[in-house]
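Working notes, beginning with the structure itself.
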Amino acid sequence: MKIKTKLRLGFSLLFIIILILGALSAYYLNKLSAEAKLVLKDNYETLEYTRLMLYELDKSDFGSALNNFERQLIKQESNLTEPGEQVLTAKVRHHLEQLKATTDTLNIAKHQQQIRASLNKIMDLNLKAIIFKNELANKTAHSANLFLIFWGGICLLITFSFIVNFPGYIANPIKLLTEGIKEIEAKNYNKRLSFTSKDEFGELAQAFNSMAQKLHDFENSNLAKILFEKKRIEAIINSMNDGVIGLDEHQHILFVNPVALKLFGLNENDLVGKFAPDVALKNDLLKNLLNNHVNHELKIYADAKESYFKKEALNILVPQSNLYPEKNIDYAFTNIGSVYILKNITAFHELDEAKTNFIATISHELKTPISSIKMSTQLLKNKQMGDLNPEQNDLIESIQDDTHRLLKITSELLNMAQLESGHIQLNILPASPIEILDYAIQATKTQAEQKQIKFEINYSDIVSKVLADKEKTAWVITNLIANAIRYSHEQSVINVKMLETTKEVKIIIEDQGQGIAPQYLDKIFERYFRVPGTQKEGTGLGLAISKDFIEAQGGNISVDSEFGVGSVFTLTLVKSFS
């Protein structure tokens with residue numbers, strides 16, 4: 001039977017019960033009303049007629065009241081309802097006729113007495129009828145009360161049973177179905193529902209069980225595949241030459257490959273499943289990994305030698321629409337963990353060191369013959385060695401320019417190699433920034449005059465000393481001013497300013513040249529980089545070496561440029577408080 005049919009039958013039963021109670025109540029109310037109406041219509045009217053006739057009969061002048069008496073008698077004759085009432089009423093009529101026919105005083109009194117007696121008997125008869133009918137109405141009311149109580153109790157029990165059992169019949173299967181769905185949500189695919197009914201709930205239970213079975217089969221069929229993929233991923237991670245460690249969103253360690261275990265100096269049981277910050281308290285390497293502010297290379301003693309590693313942190317982000325498909329989320333992501341990778345860059349360090357040594361050796365070896373070539377060209381130009389024709393003089397000038405450029409390149413390469421190897425010696429002492437700046441301006445004055453470029457210098461007469469290598473810092477500022485002159489237009493102005501703050505002294509060099517395109521600003525201090533399209537000479541090492549010199553002294557160098565307007569280089573040096 002369908003649930004809809006059961007609901008219709010249940011509510012139909014309640015409707016029938018209401019109809020039965022209503023019909024019974026209406027029946028007994030009509031019955032009581034009819035009985036009360038009989039009492040009022042029949043007996044009460046007879047009593048009223050009789051009373052009025054006695055009232056007329058008792059008058060002293062009955063002759064004048066005879067007509068009124070007869071009118072009441074006629075009404076009584078049409079309201080004969082009780083057994084014997086007709087005979088008594090007929091006697092009244094008979095004696096009334098006799099009374100009308102006689103004139104004898106004694107006969108008149110006799111007939112009046114007989115009429116009064118008959119009327120009293122009629123009144124007694126109707127009073128007894130009223131009492132009888134009242135008792136009958138009481139019995140009817142009592143019977144109706146008992147009957148209604150009986151049927152009301154039965155209807156109450158039926159209704160109460162319906163109220164108690166019928167909601168459970170609907171709600172209990174829904175509750176069991178809800179619990180089953182929660183079990184499926186918790187991936188308990190062994191959950192089954194057992195409904196004995198053959199209605200929609202039974203069909204729903206069968207569909208639920210079929211779905212759970214299919215999910216169970218799907219889970220089991222994919223479990224082996226998932227385990228295989230897991231083992232393959234573990235094999236790939238374990239075969240990597242880099243150290244790998246994975247954490248969940250609560251920073252508990254999920255996996256560590258053998259390379260990472262070797263670097264940490266711990267075994268797998270000491271790491272997997274542990275809270276990473278707790279382990280980091282006793283392991284400096286893990287502490288550096290978890291510290292987001294540590295981005296420099298890590299030097300670790302591994303494989304019986306010092307090795308270099310670079311840290312990479314990857315956050316595992318999953319779209320929330322995958323985690324919460326019931327929510328309409330398109331572009332929100334949830335972090336479900338992180339992976340830290342220690343890339344072994346020792347080989348690159350060794351290659352870089354070999355490159356640095358090679359550059360230093362080549363630069364050193366080339367410097368001597370280049371200097372000899374430069375000295376030889378100077379001797380050739382000496383008139384004591386003989387006069388040169390114009391063509392020879394041009395060749396000597398060209399050789400000198402190339403020699404000067406080669407000598408500058410080898411010097412910069414040598415400086416760079418010394419910086420990379422850490423062999424360069426910086427003599428950092430308190431120095432006057434005004435003296436350093438004046439020296440750089442004087443060194444580039446001739447170059448500026450050739451292009452008719454003027455300096456606008458703005459700084460206080462008294463500036464605090466800075467901690468710097470005077471020679472190297474002067475070289476850096478000279479290089480910056482020389483670049484400003486080289487890339488400025490003729491007859492332009494170069495602004496040189498010096499600002500002092502609480503802890504620093506800033507030297508600002510602003511030119512009015514062509515500027516640097518935005519896409520090249522972050523590369524301007526890289527080695528061997530030159531802005532594409534420029535026709536000026538240069539090695540691409542000057543700014544890189546300048547940055548290394550200044551940062552080695554604890555300072556900083558930066559650039560701000562607007563293409564087509566000019567560039568602003570800012571050199572920051574640390575103040576000396578001694």
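Lettering and numbering for the structure tokens are positional, with chains as A, B, ... in the shown order, residues counted from 1 in each chain, and ligands counted from 1 in the shown order.
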
Nearby residues (only C-alpha atoms) at most 10 Å from A:Glu45, same-chain spacing under 6 positions excluded, as a list in words: Val39, Arg51, Lys75, Gln76, Asn79 and Asn126 of chain A

Could those selected residues go to a file with all heavy atoms, as a PDB file, in the first residue's frame?
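Writing the result to selection.pdb gives the following:
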ATOM      1  N   VAL A  39     -43.961  18.316  25.697  1.00  0.00           N
ATOM      2  CA  VAL A  39     -44.397  18.757  27.018  1.00  0.00           C
ATOM      3  C   VAL A  39     -44.967  20.161  26.935  1.00  0.00           C
ATOM      4  O   VAL A  39     -46.035  20.481  27.472  1.00  0.00           O
ATOM      5  CB  VAL A  39     -43.236  18.690  28.032  1.00  0.00           C
ATOM      6  CG1 VAL A  39     -43.628  19.333  29.347  1.00  0.00           C
ATOM      7  CG2 VAL A  39     -42.832  17.244  28.251  1.00  0.00           C
ATOM      8  N   ARG A  51     -57.006  25.874  33.387  1.00  0.00           N
ATOM      9  CA  ARG A  51     -56.932  26.948  34.382  1.00  0.00           C
ATOM     10  C   ARG A  51     -57.863  28.096  34.025  1.00  0.00           C
ATOM     11  O   ARG A  51     -58.571  28.662  34.880  1.00  0.00           O
ATOM     12  CB  ARG A  51     -55.479  27.453  34.469  1.00  0.00           C
ATOM     13  CG  ARG A  51     -55.281  28.488  35.579  1.00  0.00           C
ATOM     14  CD  ARG A  51     -53.866  29.014  35.506  1.00  0.00           C
ATOM     15  NE  ARG A  51     -53.602  29.783  34.289  1.00  0.00           N
ATOM     16  CZ  ARG A  51     -54.013  31.065  34.110  1.00  0.00           C
ATOM     17  NH1 ARG A  51     -54.683  31.706  35.051  1.00  0.00           N
ATOM     18  NH2 ARG A  51     -53.760  31.673  32.963  1.00  0.00           N
ATOM     19  N   LYS A  75     -60.847  24.888  22.430  1.00  0.00           N
ATOM     20  CA  LYS A  75     -59.393  24.688  22.268  1.00  0.00           C
ATOM     21  C   LYS A  75     -58.938  23.395  22.903  1.00  0.00           C
ATOM     22  O   LYS A  75     -58.073  22.675  22.349  1.00  0.00           O
ATOM     23  CB  LYS A  75     -58.625  25.867  22.888  1.00  0.00           C
ATOM     24  CG  LYS A  75     -58.823  27.186  22.152  1.00  0.00           C
ATOM     25  CD  LYS A  75     -58.047  28.301  22.851  1.00  0.00           C
ATOM     26  CE  LYS A  75     -58.225  29.637  22.149  1.00  0.00           C
ATOM     27  NZ  LYS A  75     -57.490  30.739  22.818  1.00  0.00           N
ATOM     28  N   GLN A  76     -59.487  23.079  24.069  1.00  0.00           N
ATOM     29  CA  GLN A  76     -59.109  21.853  24.750  1.00  0.00           C
ATOM     30  C   GLN A  76     -59.536  20.639  23.945  1.00  0.00           C
ATOM     31  O   GLN A  76     -58.820  19.643  23.889  1.00  0.00           O
ATOM     32  CB  GLN A  76     -59.729  21.839  26.148  1.00  0.00           C
ATOM     33  CG  GLN A  76     -59.615  20.519  26.890  1.00  0.00           C
ATOM     34  CD  GLN A  76     -58.184  20.074  27.102  1.00  0.00           C
ATOM     35  OE1 GLN A  76     -57.260  20.918  27.155  1.00  0.00           O
ATOM     36  NE2 GLN A  76     -57.949  18.773  27.189  1.00  0.00           N
ATOM     37  N   ASN A  79     -57.050  19.575  21.570  1.00  0.00           N
ATOM     38  CA  ASN A  79     -55.699  19.276  22.124  1.00  0.00           C
ATOM     39  C   ASN A  79     -55.786  18.077  23.061  1.00  0.00           C
ATOM     40  O   ASN A  79     -55.333  18.111  24.206  1.00  0.00           O
ATOM     41  CB  ASN A  79     -55.162  20.503  22.852  1.00  0.00           C
ATOM     42  CG  ASN A  79     -53.688  20.331  23.242  1.00  0.00           C
ATOM     43  OD1 ASN A  79     -52.903  19.725  22.526  1.00  0.00           O
ATOM     44  ND2 ASN A  79     -53.327  20.869  24.399  1.00  0.00           N
ATOM     45  N   ASN A 126     -52.728  15.624  33.092  1.00  0.00           N
ATOM     46  CA  ASN A 126     -51.636  16.277  32.367  1.00  0.00           C
ATOM     47  C   ASN A 126     -50.410  16.513  33.248  1.00  0.00           C
ATOM     48  O   ASN A 126     -49.273  16.449  32.781  1.00  0.00           O
ATOM     49  CB  ASN A 126     -52.126  17.604  31.780  1.00  0.00           C
ATOM     50  CG  ASN A 126     -52.920  17.416  30.490  1.00  0.00           C
ATOM     51  OD1 ASN A 126     -52.352  17.319  29.417  1.00  0.00           O
ATOM     52  ND2 ASN A 126     -54.238  17.347  30.606  1.00  0.00           N
TER      53      ASN A 126
END

For A:Glu56: contacts at 12 Å, only C-alpha atoms, fewer than 5 positions along chain excluded, given as a PyMOL selection string: chain A and resi 49-51+61-73+112+115-116

All residues 12 Å or closer to A:Phe11, only C-alpha atoms, same chain fewer than 3 positions away omitted, as a list in words: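 The contact residues come out as Lys4, Thr5, Lys6, Leu7, Arg8, Leu14, Phe15, Ile16, Ile17, Ile18, Ile158, Thr159, Phe162, Ile163 and Phe166 of chain A.
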
Secondary structure check, helix (DSSP H, G or I) residues of stretch 469-509 of chain A, as a list in words: Lys470, Glu471, Lys472, Thr473, Ala474, Trp475, Val476, Ile477, Thr478, Asn479, Leu480, Ile481, Ala482, Asn483, Ala484, Ile485, Arg486 and Tyr487 of chain A

Length of the atom CA of A:Lys506 to atom CA of A:Asp461 vector [Å]: 14.8 Å

Interatomic distance (Å, one decimal) between atom CA of A:Ile108 and atom CA of A:Ser78: 26.2 Å

Separation of atom CA of A:Pro518 from atom CA of A:Val565, in Å and rounded to one decimal: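 Pair atom CA of A:Pro518 / atom CA of A:Val565 returns 12.4 Å.
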
DSSP strand (DSSP E or B) residues within stretch 438-548 of chain A, listed as a count of residues only: 24

Pick from A:Glu219, A:Asp511, A:Glu435, A:Asp242 nearest to A:Lys470, counting only C-alpha atoms: A:Glu435

Long-range neighbours of stretch 443-448 of chain A as a list in words, 8 Å cut-off, only C-alpha atoms, 3 positions minimum in chain: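 So the residues in contact are Tyr439, Ala440, Lys451, Gln452, Ile453, Lys454, Thr478, Ile481, Ala482 and Ile485 of chain A.
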
Shortest interatomic distance to A:Phe455 - which of A:Asn288, A:Asn138, A:Ser492, A:Ser432, counting only C-alpha atoms: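 Comparing A:Asn288, A:Asn138, A:Ser492, A:Ser432 against A:Phe455, the winner is A:Ser492.
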